[in-house]
>>> print(open('protein-v8.pdb').read())   # PDB, C-alpha atoms
ATOM      1  CA  MET K 209     -45.016  21.141 -24.672
ATOM      2  CA  SER K 210     -45.323  23.277 -27.782
ATOM      3  CA  GLN K 211     -42.808  23.157 -30.600
ATOM      4  CA  THR K 212     -41.648  26.671 -29.719
ATOM      5  CA  THR K 213     -41.143  25.743 -26.067
ATOM      6  CA  GLY K 214     -39.240  22.639 -27.082
ATOM      7  CA  GLU K 215     -37.018  24.607 -29.464
ATOM      8  CA  THR K 216     -36.295  27.163 -26.733
ATOM      9  CA  ALA K 217     -35.372  24.411 -24.299
ATOM     10  CA  GLY K 218     -33.110  22.871 -26.936
ATOM     11  CA  VAL K 219     -31.302  26.163 -27.510
ATOM     12  CA  ALA K 220     -30.890  26.659 -23.758
ATOM     13  CA  GLU K 221     -29.351  23.202 -23.350
ATOM     14  CA  LEU K 222     -27.005  23.814 -26.266
ATOM     15  CA  GLU K 223     -25.811  27.024 -24.605
ATOM     16  CA  GLN K 224     -25.338  25.196 -21.308
ATOM     17  CA  LYS K 225     -23.265  22.532 -23.032
ATOM     18  CA  GLN K 226     -21.114  25.187 -24.707
ATOM     19  CA  ILE K 227     -20.375  26.761 -21.313
ATOM     20  CA  LEU K 228     -19.607  23.419 -19.688
ATOM     21  CA  LYS K 229     -17.343  22.368 -22.550
ATOM     22  CA  LYS K 230     -15.550  25.739 -22.551
ATOM     23  CA  TYR K 231     -14.450  25.422 -18.934
ATOM     24  CA  LEU K 232     -13.550  21.755 -19.302
ATOM     25  CA  GLN K 233     -11.497  22.381 -22.438
ATOM     26  CA  GLU K 234      -9.621  25.331 -20.965
ATOM     27  CA  THR K 235      -8.626  23.192 -17.999
ATOM     28  CA  ARG K 236      -7.571  20.289 -20.228
ATOM     29  CA  GLU K 237      -5.338  22.532 -22.301
ATOM     30  CA  ALA K 238      -3.820  24.172 -19.225
ATOM     31  CA  LEU K 239      -2.896  20.729 -17.907
ATOM     32  CA  VAL K 240      -1.269  19.572 -21.142
ATOM     33  CA  TRP K 241       0.632  22.849 -21.396
ATOM     34  CA  LYS K 242       2.421  21.994 -18.135
ATOM     35  CA  LEU K 243       4.304  19.273 -20.034
ATOM     36  CA  GLU K 244       5.509  21.603 -22.783
ATOM     37  CA  GLY K 245       9.282  21.792 -23.112
ATOM     38  CA  LEU K 246      10.053  19.040 -20.590
ATOM     39  CA  THR K 247      12.243  16.024 -21.194
ATOM     40  CA  GLU K 248      10.897  12.513 -20.684
ATOM     41  CA  LYS K 249      12.758  12.363 -17.384
ATOM     42  CA  GLN K 250      11.451  15.697 -16.138
ATOM     43  CA  ALA K 251       7.869  14.827 -17.065
ATOM     44  CA  ARG K 252       8.052  11.527 -15.170
ATOM     45  CA  TRP K 253      10.058  12.662 -12.150
ATOM     46  CA  PRO K 254       8.215  12.315  -8.789
ATOM     47  CA  LEU K 255       8.547  15.618  -6.957
ATOM     48  CA  VAL K 256       6.621  14.927  -3.736
ATOM     49  CA  PRO K 257       6.557  11.948  -1.355
ATOM     50  CA  SER K 258       3.228  10.751  -2.785
ATOM     51  CA  GLY K 259       4.976  10.174  -6.131
ATOM     52  CA  ASN K 260       2.914  12.753  -7.999
ATOM     53  CA  ASN K 261       4.467  13.542 -11.394
ATOM     54  CA  LEU K 262       3.335  15.624 -14.339
ATOM     55  CA  LEU K 263       3.006  12.899 -16.956
ATOM     56  CA  GLY K 264       1.209  10.643 -14.497
ATOM     57  CA  ILE K 265      -1.384  13.343 -13.847
ATOM     58  CA  VAL K 266      -2.168  13.598 -17.555
ATOM     59  CA  LYS K 267      -2.409   9.810 -17.883
ATOM     60  CA  HIS K 268      -4.733   9.704 -14.878
ATOM     61  CA  CYS K 269      -6.986  12.419 -16.301
ATOM     62  CA  ALA K 270      -7.223  10.633 -19.653
ATOM     63  CA  ASN K 271      -8.370   7.419 -17.984
ATOM     64  CA  VAL K 272     -10.767   9.307 -15.710
ATOM     65  CA  GLU K 273     -12.459  11.166 -18.566
ATOM     66  CA  ILE K 274     -12.853   8.073 -20.684
ATOM     67  CA  GLY K 275     -14.233   6.113 -17.733
ATOM     68  CA  TYR K 276     -16.820   8.698 -16.731
ATOM     69  CA  LEU K 277     -17.903   9.860 -20.177
ATOM     70  CA  GLY K 278     -17.650   6.452 -21.828
ATOM     71  CA  PRO K 279     -18.869   3.253 -20.118
ATOM     72  CA  VAL K 280     -20.968   5.200 -17.591
ATOM     73  CA  PHE K 281     -23.156   6.187 -20.555
ATOM     74  CA  GLY K 282     -22.845   2.978 -22.534
ATOM     75  CA  ARG K 283     -19.943   4.002 -24.775
ATOM     76  CA  GLN K 284     -16.778   1.919 -25.002
ATOM     77  CA  TRP K 285     -13.305   3.182 -25.862
ATOM     78  CA  PRO K 286     -12.263   1.794 -29.286
ATOM     79  CA  ASP K 287      -9.047   0.175 -28.019
ATOM     80  CA  PRO K 288      -9.327  -0.924 -24.354
ATOM     81  CA  ALA K 289      -5.683  -2.048 -24.399
ATOM     82  CA  GLU K 290      -4.691   1.640 -24.400
ATOM     83  CA  LEU K 291      -6.282   2.159 -20.994
ATOM     84  CA  VAL K 292      -5.381   1.032 -17.489
ATOM     85  CA  SER K 293      -7.314  -2.201 -16.977
ATOM     86  CA  ASP K 294      -9.025  -3.554 -13.866
ATOM     87  CA  GLN K 295      -6.262  -6.145 -13.699
ATOM     88  CA  ASP K 296      -3.633  -3.397 -13.792
ATOM     89  CA  TRP K 297      -5.338  -1.652 -10.891
ATOM     90  CA  GLU K 298      -5.573  -4.890  -8.914
ATOM     91  CA  GLN K 299      -1.836  -5.376  -9.286
ATOM     92  CA  ASP K 300      -1.013  -1.721  -8.624
ATOM     93  CA  PRO K 301      -3.666   0.737  -7.353
ATOM     94  CA  GLN K 302      -1.446   3.583  -8.637
ATOM     95  CA  ALA K 303      -1.220   2.139 -12.176
ATOM     96  CA  ASP K 304      -2.801   5.198 -13.809
ATOM     97  CA  TRP K 305      -0.484   7.659 -12.046
ATOM     98  CA  TYR K 306       2.713   7.036 -13.991
ATOM     99  CA  ALA K 307       3.848   6.269 -17.523
ATOM    100  CA  THR K 308       5.233   2.793 -18.222
ATOM    101  CA  GLU K 309       8.440   2.031 -20.109
ATOM    102  CA  ASP K 310       6.390   1.636 -23.301
ATOM    103  CA  GLU K 311       4.715   5.044 -22.977
ATOM    104  CA  SER K 312       6.082   8.509 -23.689
ATOM    105  CA  VAL K 313       5.055  12.118 -23.251
ATOM    106  CA  ALA K 314       3.854  12.138 -26.859
ATOM    107  CA  SER K 315       1.826   8.934 -26.547
ATOM    108  CA  VAL K 316       0.148   9.955 -23.277
ATOM    109  CA  VAL K 317      -0.730  13.415 -24.610
ATOM    110  CA  ASP K 318      -2.050  11.835 -27.800
ATOM    111  CA  LEU K 319      -4.277   9.520 -25.754
ATOM    112  CA  TYR K 320      -5.549  12.458 -23.733
ATOM    113  CA  ARG K 321      -6.334  14.543 -26.806
ATOM    114  CA  ARG K 322      -8.221  11.630 -28.370
ATOM    115  CA  ALA K 323     -10.065  11.253 -25.072
ATOM    116  CA  TRP K 324     -11.239  14.848 -25.428
ATOM    117  CA  ALA K 325     -12.854  14.100 -28.785
ATOM    118  CA  PHE K 326     -14.419  10.871 -27.513
ATOM    119  CA  CYS K 327     -15.825  12.520 -24.391
ATOM    120  CA  ASP K 328     -17.014  15.620 -26.233
ATOM    121  CA  GLU K 329     -18.974  13.315 -28.532
ATOM    122  CA  THR K 330     -20.775  11.945 -25.480
ATOM    123  CA  ILE K 331     -21.590  15.482 -24.363
ATOM    124  CA  ASP K 332     -22.699  16.567 -27.831
ATOM    125  CA  THR K 333     -24.941  13.595 -28.580
ATOM    126  CA  LEU K 334     -26.703  13.018 -25.245
ATOM    127  CA  PRO K 335     -29.108  15.302 -23.376
ATOM    128  CA  LEU K 336     -27.766  16.716 -20.104
ATOM    129  CA  ASP K 337     -30.426  14.809 -18.154
ATOM    130  CA  THR K 338     -29.340  11.455 -19.621
ATOM    131  CA  VAL K 339     -28.971   8.934 -16.808
ATOM    132  CA  GLY K 340     -25.833   6.837 -16.511
ATOM    133  CA  ARG K 341     -24.485   4.536 -13.850
ATOM    134  CA  VAL K 342     -21.173   4.818 -12.014
ATOM    135  CA  PRO K 343     -20.409   1.334 -10.646
ATOM    136  CA  TRP K 344     -17.825   2.660  -8.185
ATOM    137  CA  TRP K 345     -20.164   5.288  -6.675
ATOM    138  CA  ARG K 346     -22.646   4.471  -3.918
ATOM    139  CA  THR K 347     -25.222   6.734  -5.528
ATOM    140  CA  GLY K 348     -25.193   4.631  -8.697
ATOM    141  CA  GLU K 349     -27.328   6.558 -11.178
ATOM    142  CA  VAL K 350     -26.161  10.004 -12.253
ATOM    143  CA  THR K 351     -26.967  12.533 -14.943
ATOM    144  CA  LEU K 352     -24.645  13.580 -17.723
ATOM    145  CA  PHE K 353     -24.733  17.129 -16.325
ATOM    146  CA  ARG K 354     -23.406  15.967 -12.970
ATOM    147  CA  ILE K 355     -20.638  13.916 -14.562
ATOM    148  CA  ILE K 356     -19.451  16.824 -16.730
ATOM    149  CA  VAL K 357     -19.226  18.997 -13.615
ATOM    150  CA  HIS K 358     -17.445  16.207 -11.726
ATOM    151  CA  VAL K 359     -14.883  15.633 -14.481
ATOM    152  CA  THR K 360     -14.240  19.374 -14.840
ATOM    153  CA  ASP K 361     -13.768  19.701 -11.094
ATOM    154  CA  GLU K 362     -11.350  16.767 -10.962
ATOM    155  CA  THR K 363      -9.366  18.012 -13.954
ATOM    156  CA  ALA K 364      -9.096  21.490 -12.418
ATOM    157  CA  ARG K 365      -7.853  19.977  -9.148
ATOM    158  CA  HIS K 366      -5.129  18.091 -10.988
ATOM    159  CA  ALA K 367      -4.236  21.120 -13.093
ATOM    160  CA  GLY K 368      -3.540  22.862  -9.784
ATOM    161  CA  HIS K 369      -1.276  19.986  -8.789
ATOM    162  CA  ALA K 370       0.486  20.376 -12.124
ATOM    163  CA  ASP K 371       1.008  24.102 -11.508
ATOM    164  CA  ILE K 372       3.020  23.327  -8.388
ATOM    165  CA  LEU K 373       4.927  20.391  -9.885
ATOM    166  CA  ARG K 374       5.965  22.416 -12.925
ATOM    167  CA  GLU K 375       7.175  25.276 -10.738
ATOM    168  CA  LEU K 376       9.186  22.782  -8.679
ATOM    169  CA  THR K 377      10.654  21.383 -11.906
ATOM    170  CA  ASP K 378      11.984  24.538 -13.558
ATOM    171  CA  GLN K 379      10.268  27.504 -11.841
ATOM    172  CA  SER K 380       7.849  27.932 -14.745
ATOM    173  CA  VAL K 381       4.468  29.331 -13.745
ATOM    174  CA  GLY K 382       1.298  30.317 -15.544
ATOM    175  CA  LEU K 383      -2.433  29.867 -15.774
ATOM    176  CA  TYR K 384      -2.476  29.478 -19.553
ATOM    177  CA  ALA K 385       0.049  29.924 -22.321
ATOM    178  CA  GLY K 386       0.880  33.621 -22.410
ATOM    179  CA  ASN K 387      -0.858  34.350 -19.106
ATOM    180  CA  THR K 388       1.095  33.769 -15.887
ATOM    181  CA  ASN K 389      -1.717  35.271 -13.791
ATOM    182  CA  ILE K 390       0.930  36.638 -11.418
ATOM    183  CA  PRO K 391       2.531  40.122 -11.319
ATOM    184  CA  ASP K 392       5.099  40.986 -13.971
ATOM    185  CA  TRP K 393       7.926  41.217 -11.477
ATOM    186  CA  GLN K 394      11.209  42.870 -12.368
ATOM    187  CA  ASP K 395      14.622  41.596 -11.243
ATOM    188  CA  GLY K 396      14.626  40.800  -7.551
ATOM    189  CA  GLU K 397      10.949  41.538  -6.936
ATOM    190  CA  ALA K 398       9.879  37.905  -6.892
ATOM    191  CA  LEU K 399      12.581  37.030  -4.373
ATOM    192  CA  ALA K 400      11.606  40.024  -2.235
ATOM    193  CA  TYR K 401       8.008  38.835  -2.201
ATOM    194  CA  PHE K 402       9.141  35.326  -1.248
ATOM    195  CA  ASP K 403      11.232  36.701   1.603
ATOM    196  CA  LYS K 404       8.310  38.840   2.768
ATOM    197  CA  LEU K 405       6.127  35.741   3.092
ATOM    198  CA  LYS K 406       8.863  33.872   4.975
ATOM    199  CA  ASN K 407       9.233  36.772   7.384
ATOM    200  CA  LEU K 408       5.488  36.868   8.006
ATOM    201  CA  ALA K 409       5.521  33.131   8.681
ATOM    202  CA  GLU K 410       8.436  33.508  11.097
ATOM    203  CA  GLN K 411       6.617  36.258  12.979
ATOM    204  CA  ALA K 412       3.560  34.012  13.309
ATOM    205  CA  GLY K 413       5.590  31.610  15.438
ATOM    206  CA  ASN K 414       5.408  27.828  15.527
TER
END
>>> encode(input="protein-v8.pdb", output="structure tokens")
Amino acid sequence: MSQTTGETAGVAELEQKQILKKYLQETREALVWKLEGLTEKQARWPLVPSGNNLLGIVKHCANVEIGYLGPVFGRQWPDPAELVSDQDWEQDPQADWYATEDESVASVVDLYRRAWAFCDETIDTLPLDTVGRVPWWRTGEVTLFRIIVHVTDETARHAGHADILRELTDQSVGLYAGNTNIPDWQDGEALAYFDKLKNLAEQAGN
């Protein structure tokens, strides 16, 4: 491969990484935003029978990112005591889905933001075709590209969960800060829309 071809390939990969990181970062920030303005109790409160809660989702995503974009590619988190350990999971398989008495909204968000920097360093320093190994996957070996897509997909799924939980908490909605991504309804229009959907459901029968 000529030097020019190699340089072109390098530029193309850099552009691909920028796109991948853009979508991952937007989803991360949307998720953290769902905690903004909540009390410790509101952030922790389980709103569905599965126990899903907003702060737990963020804690889960922090541990997921670090796990996939850290040890899978030979990088260890500086302070393992900050993460949910294998022993924690053995004692409680839901250990990463809620904040403990010693954790707070601020501490969990801080961990997540530091996870972003740690994981972005993995993305920035390794080629997209770098091979890692996921011990808990049957497929075993994976590329960095696949893991970035997987983590982005999982984070987006949980951001969707957070959308619903936040609306159940205080009726706040929105895709990003300053962008609800729903119509700018005037007084009574939102309720009218809600009633319209209920009526359509009633007409559909059981």
>>> atom_distance(input="protein-v8.pdb", atom1="CA of Tyr320 (chain K)", atom2="CA of Ala270 (chain K)")
4.8 Å
>>> resolve_selection(input="protein-v8.pdb", expression="the PyMOL selection byres ((chain K and resi 343) around 12)", output="list in words")
Gly275, Tyr276, Pro279, Val280, Phe281, Gly340, Arg341, Val342, Trp344, Trp345, Arg346, Thr347, Gly348, Glu349 and Val350 of chain K
>>> axis_aligned_box(input="protein-v8.pdb", around="region 379-386 of chain K", padding_each_side="6 Å", output="JSON")
{"center_x": 3.9, "center_y": 30.6, "center_z": -17.1, "size_x": 24.7, "size_y": 18.1, "size_z": 22.6}
>>> atom_distance(input="protein-v8.pdb", atom1="CA of Gln233 (chain K)", atom2="CA of Ile372 (chain K)")
20.2 Å
>>> resolve_selection(input="protein-v8.pdb", expression="the PyMOL selection byres ((chain K and resi 300-302) around 12)", output="JSON, numbers by chain")
{"K": [258, 259, 260, 261, 264, 265, 267, 268, 292, 293, 294, 295, 296, 297, 298, 299, 303, 304, 305, 306, 307, 308]}
>>> write_last_selection(input="protein-v8.pdb", atoms="C-alpha atoms", output="PDB file, in the coordinates of the input")
ATOM      1  CA  SER K 258       3.228  10.751  -2.785  1.00  0.00           C
ATOM      2  CA  GLY K 259       4.976  10.174  -6.131  1.00  0.00           C
ATOM      3  CA  ASN K 260       2.914  12.753  -7.999  1.00  0.00           C
ATOM      4  CA  ASN K 261       4.467  13.542 -11.394  1.00  0.00           C
ATOM      5  CA  GLY K 264       1.209  10.643 -14.497  1.00  0.00           C
ATOM      6  CA  ILE K 265      -1.384  13.343 -13.847  1.00  0.00           C
ATOM      7  CA  LYS K 267      -2.409   9.810 -17.883  1.00  0.00           C
ATOM      8  CA  HIS K 268      -4.733   9.704 -14.878  1.00  0.00           C
ATOM      9  CA  VAL K 292      -5.381   1.032 -17.489  1.00  0.00           C
ATOM     10  CA  SER K 293      -7.314  -2.201 -16.977  1.00  0.00           C
ATOM     11  CA  ASP K 294      -9.025  -3.554 -13.866  1.00  0.00           C
ATOM     12  CA  GLN K 295      -6.262  -6.145 -13.699  1.00  0.00           C
ATOM     13  CA  ASP K 296      -3.633  -3.397 -13.792  1.00  0.00           C
ATOM     14  CA  TRP K 297      -5.338  -1.652 -10.891  1.00  0.00           C
ATOM     15  CA  GLU K 298      -5.573  -4.890  -8.914  1.00  0.00           C
ATOM     16  CA  GLN K 299      -1.836  -5.376  -9.286  1.00  0.00           C
ATOM     17  CA  ALA K 303      -1.220   2.139 -12.176  1.00  0.00           C
ATOM     18  CA  ASP K 304      -2.801   5.198 -13.809  1.00  0.00           C
ATOM     19  CA  TRP K 305      -0.484   7.659 -12.046  1.00  0.00           C
ATOM     20  CA  TYR K 306       2.713   7.036 -13.991  1.00  0.00           C
ATOM     21  CA  ALA K 307       3.848   6.269 -17.523  1.00  0.00           C
ATOM     22  CA  THR K 308       5.233   2.793 -18.222  1.00  0.00           C
TER      23      THR K 308
END
>>> closest_residue(input="protein-v8.pdb", among="K:Leu373, K:Ala398, K:Gln226, K:Phe326", to="Val256 (chain K)", atoms="only C-alpha atoms")
K:Leu373
>>> resolve_selection(input="protein-v8.pdb", expression="the PyMOL selection byres ((chain K and resi 383) around 12)", output="CSV table (one decimal) with C-alpha atoms, keeping the file's coordinate frame")
chain,number,residue,atom,x,y,z
K,234,GLU,CA,-9.6,25.3,-21.0
K,235,THR,CA,-8.6,23.2,-18.0
K,236,ARG,CA,-7.6,20.3,-20.2
K,237,GLU,CA,-5.3,22.5,-22.3
K,238,ALA,CA,-3.8,24.2,-19.2
K,239,LEU,CA,-2.9,20.7,-17.9
K,240,VAL,CA,-1.3,19.6,-21.1
K,241,TRP,CA,0.6,22.8,-21.4
K,242,LYS,CA,2.4,22.0,-18.1
K,364,ALA,CA,-9.1,21.5,-12.4
K,367,ALA,CA,-4.2,21.1,-13.1
K,368,GLY,CA,-3.5,22.9,-9.8
K,370,ALA,CA,0.5,20.4,-12.1
K,371,ASP,CA,1.0,24.1,-11.5
K,372,ILE,CA,3.0,23.3,-8.4
K,374,ARG,CA,6.0,22.4,-12.9
K,375,GLU,CA,7.2,25.3,-10.7
K,380,SER,CA,7.8,27.9,-14.7
K,381,VAL,CA,4.5,29.3,-13.7
K,382,GLY,CA,1.3,30.3,-15.5
K,384,TYR,CA,-2.5,29.5,-19.6
K,385,ALA,CA,0.0,29.9,-22.3
K,386,GLY,CA,0.9,33.6,-22.4
K,387,ASN,CA,-0.9,34.4,-19.1
K,388,THR,CA,1.1,33.8,-15.9
K,389,ASN,CA,-1.7,35.3,-13.8
K,390,ILE,CA,0.9,36.6,-11.4
>>> closest_residue(input="protein-v8.pdb", among="K:Asn271, K:Ala289, K:Val339, K:Gly282", to="Ala323 (chain K)", atoms="all atoms listed in the file")
K:Asn271
